[in-house]
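Trainee: What follows is query-v4.cif; its format and atoms are mmCIF, C-alpha atoms.
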```cif
data_entry
#
loop_
_atom_site.label_atom_id
_atom_site.label_comp_id
_atom_site.auth_asym_id
_atom_site.auth_seq_id
_atom_site.Cartn_x
_atom_site.Cartn_y
_atom_site.Cartn_z
CA MET A 1461 -9.66 5.07 5.87
CA ALA A 1462 -8.37 8.37 7.24
CA VAL A 1463 -10.78 11.32 7.16
CA GLU A 1464 -10.50 14.79 8.70
CA ASN A 1465 -13.32 17.36 8.61
CA GLY A 1466 -15.04 15.41 5.84
CA VAL A 1467 -11.90 15.28 3.68
CA THR A 1468 -10.42 11.89 2.76
CA LEU A 1469 -6.73 11.89 3.71
CA GLY A 1470 -6.13 8.34 2.60
CA PHE A 1471 -7.30 4.77 2.42
CA ILE A 1472 -5.69 1.36 2.21
CA PRO A 1473 -8.01 -1.41 1.01
CA VAL A 1474 -7.13 -4.90 2.24
CA LYS A 1475 -8.37 -8.08 0.59
CA LEU A 1476 -8.51 -11.08 2.93
CA GLU A 1477 -8.11 -14.50 1.33
CA GLU A 1478 -6.45 -17.83 2.13
CA GLY A 1479 -4.62 -16.60 5.23
CA LYS A 1480 -3.29 -13.49 3.52
CA ALA A 1481 -4.17 -9.81 3.83
CA LYS A 1482 -3.33 -8.19 0.49
CA ILE A 1483 -2.87 -4.42 0.15
CA ASN A 1484 -3.25 -2.93 -3.34
CA ASN A 1485 -4.49 0.29 -4.97
CA TYR A 1486 -4.15 2.49 -1.89
CA TYR A 1487 -4.18 6.31 -1.73
CA VAL A 1488 -2.68 8.82 0.70
CA ALA A 1489 -3.05 12.53 -0.07
CA ASP A 1490 0.30 14.23 -0.68
CA ASP A 1491 2.03 10.96 0.34
CA ASP A 1492 1.69 12.20 3.94
CA SER A 1493 3.95 10.01 6.09
CA THR A 1494 1.84 10.57 9.22
CA VAL A 1495 -1.28 9.27 7.46
CA PHE A 1496 0.64 6.38 5.87
CA SER A 1497 2.09 5.37 9.21
CA ALA A 1498 -1.24 5.56 11.05
CA LEU A 1499 -3.04 3.46 8.43
CA LEU A 1500 -0.28 0.86 8.14
CA LYS A 1501 0.13 0.54 11.92
CA GLU A 1502 -3.59 -0.09 12.31
CA ILE A 1503 -3.58 -2.75 9.57
CA VAL A 1504 -0.63 -4.55 11.18
CA LYS A 1505 -2.16 -4.28 14.66
CA VAL A 1506 -5.54 -5.66 13.62
CA LEU A 1507 -4.50 -8.31 11.11
CA SER A 1508 -0.98 -9.58 11.83
CA SER A 1509 -2.01 -12.20 14.39
CA GLU A 1510 -4.27 -14.00 11.90
CA PHE A 1511 -2.95 -13.08 8.45
CA GLU A 1512 0.28 -12.79 6.52
CA ILE A 1513 0.22 -9.18 5.30
CA GLU A 1514 1.60 -8.32 1.87
CA SER A 1515 1.44 -5.27 -0.36
CA VAL A 1516 1.80 -4.29 -3.98
CA THR A 1517 3.71 -1.10 -3.21
CA GLN A 1518 4.51 1.85 -5.44
CA LEU A 1519 8.28 2.41 -5.66
CA ARG A 1520 8.10 5.87 -4.10
CA HIS A 1521 6.26 4.47 -1.06
CA ILE A 1522 8.75 1.72 -0.19
CA PRO A 1523 10.33 3.80 2.64
CA GLU A 1524 6.93 4.34 4.29
CA PHE A 1525 6.15 0.63 4.23
CA GLU A 1526 9.64 -0.29 5.48
CA LYS A 1527 9.25 2.12 8.43
CA ASN A 1528 6.18 0.11 9.38
CA GLY A 1529 7.72 -3.36 9.33
CA PHE A 1530 7.36 -4.37 5.69
CA ALA A 1531 10.30 -5.81 3.74
CA ILE A 1532 10.78 -6.31 0.00
CA VAL A 1533 10.26 -9.93 -1.04
CA LEU A 1534 9.97 -9.34 -4.80
CA ASN A 1535 11.21 -6.38 -6.81
CA TRP A 1536 10.12 -5.81 -10.39
CA LYS A 1537 9.43 -3.01 -12.84
CA ILE A 1538 7.00 -2.78 -15.69
CA LYS A 1539 7.81 -0.58 -18.65
CA MET A 1540 4.86 0.38 -20.84
CA LYS A 1541 4.56 2.18 -24.14
CA VAL A 1542 1.86 3.19 -26.64
CA PHE A 1543 2.67 2.11 -30.18
CA LYS A 1544 1.44 4.11 -33.14
CA GLU A 1545 -0.28 2.23 -35.92
#
```
So that I can check it, write out the structure of this file as structure tokens.

Mentor:
Amino acid sequence: MAVENGVTLGFIPVKLEEGKAKINNYYVADDDSTVFSALLKEIVKVLSSEFEIESVTQLRHIPEFEKNGFAIVLNWKIKMKVFKE
């Protein structure tokens, strides 16, 4: 979690299970690359020796993850729609 003067700048929850560290449902205010980088670097530093780290990444954040050592292993899109009755 990144906080400055009581304001949350971002957070990246990590679920640890079966040798994997899974990132999902993260938030970084204004998609700030400095905050992204700091959070991702810390996760990799702390967890990479014991866990395989993977992320469900929003398309617009792929460059931030790639800058921090992540690579795409699966690429998919989901299209959703509300149907009127």

Trainee: Carefully work through the PyMOL selection byres ((chain A and resi 1482) around 8) for this structure and note down the residues it includes, as an MDAnalysis selection string.

Mentor: chainID A and resid 1474:1477 1480:1481 1483:1484 1513:1516

Trainee: Between CA of Asn1485 in chain A and CA of Ile1538 in chain A, what is the spacing in Å?

Mentor: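 These atoms are spaced 16.0 Å apart.
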
Trainee: Applying 12 Å and all atoms listed in the file, which residues near range 1528-1537 of chain A remain after dropping the ones on its own chain fewer than 3 positions away? List them as a list in words.

Mentor: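 Those residues are Ile1483, Ser1493, Thr1494, Val1495, Phe1496, Ser1497, Ala1498, Leu1499, Leu1500, Lys1501, Glu1502, Ile1503, Val1504, Lys1505, Ser1508, Glu1512, Ile1513, Glu1514, Ser1515, Val1516, Thr1517, Gln1518, Leu1519, His1521, Ile1522, Pro1523, Glu1524, Phe1525 and Met1540 of chain A.
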
Trainee: Just checking: using all atoms listed in the file, which residue out of A:Tyr1487, A:Lys1527, A:Glu1478, A:Glu1510 ends up closest to Ala1462 in chain A?

Mentor: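 Under the stated criterion, the closest residue is A:Tyr1487.
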
Trainee: Give me, please, the distance in Å between CA of Ala1489 in chain A and CA of Val1467 in chain A, quoted to one decimal.

Mentor: 10.0 Å

Trainee: Please indicate the distance in Å from CA of Asp1491 in chain A to CA of Gly1479 in chain A, rounded to one decimal place.

Mentor: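 Taking CA of Asp1491 in chain A and CA of Gly1479 in chain A, their separation equals 28.8 Å.
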
Trainee: So which one's closest to Tyr1486 in chain A, A:Met1461, A:Val1506, A:Phe1511, A:Val1542? Using all atoms listed in the file, please.

Mentor: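 Smallest separation from Tyr1486 in chain A among the options: A:Met1461.
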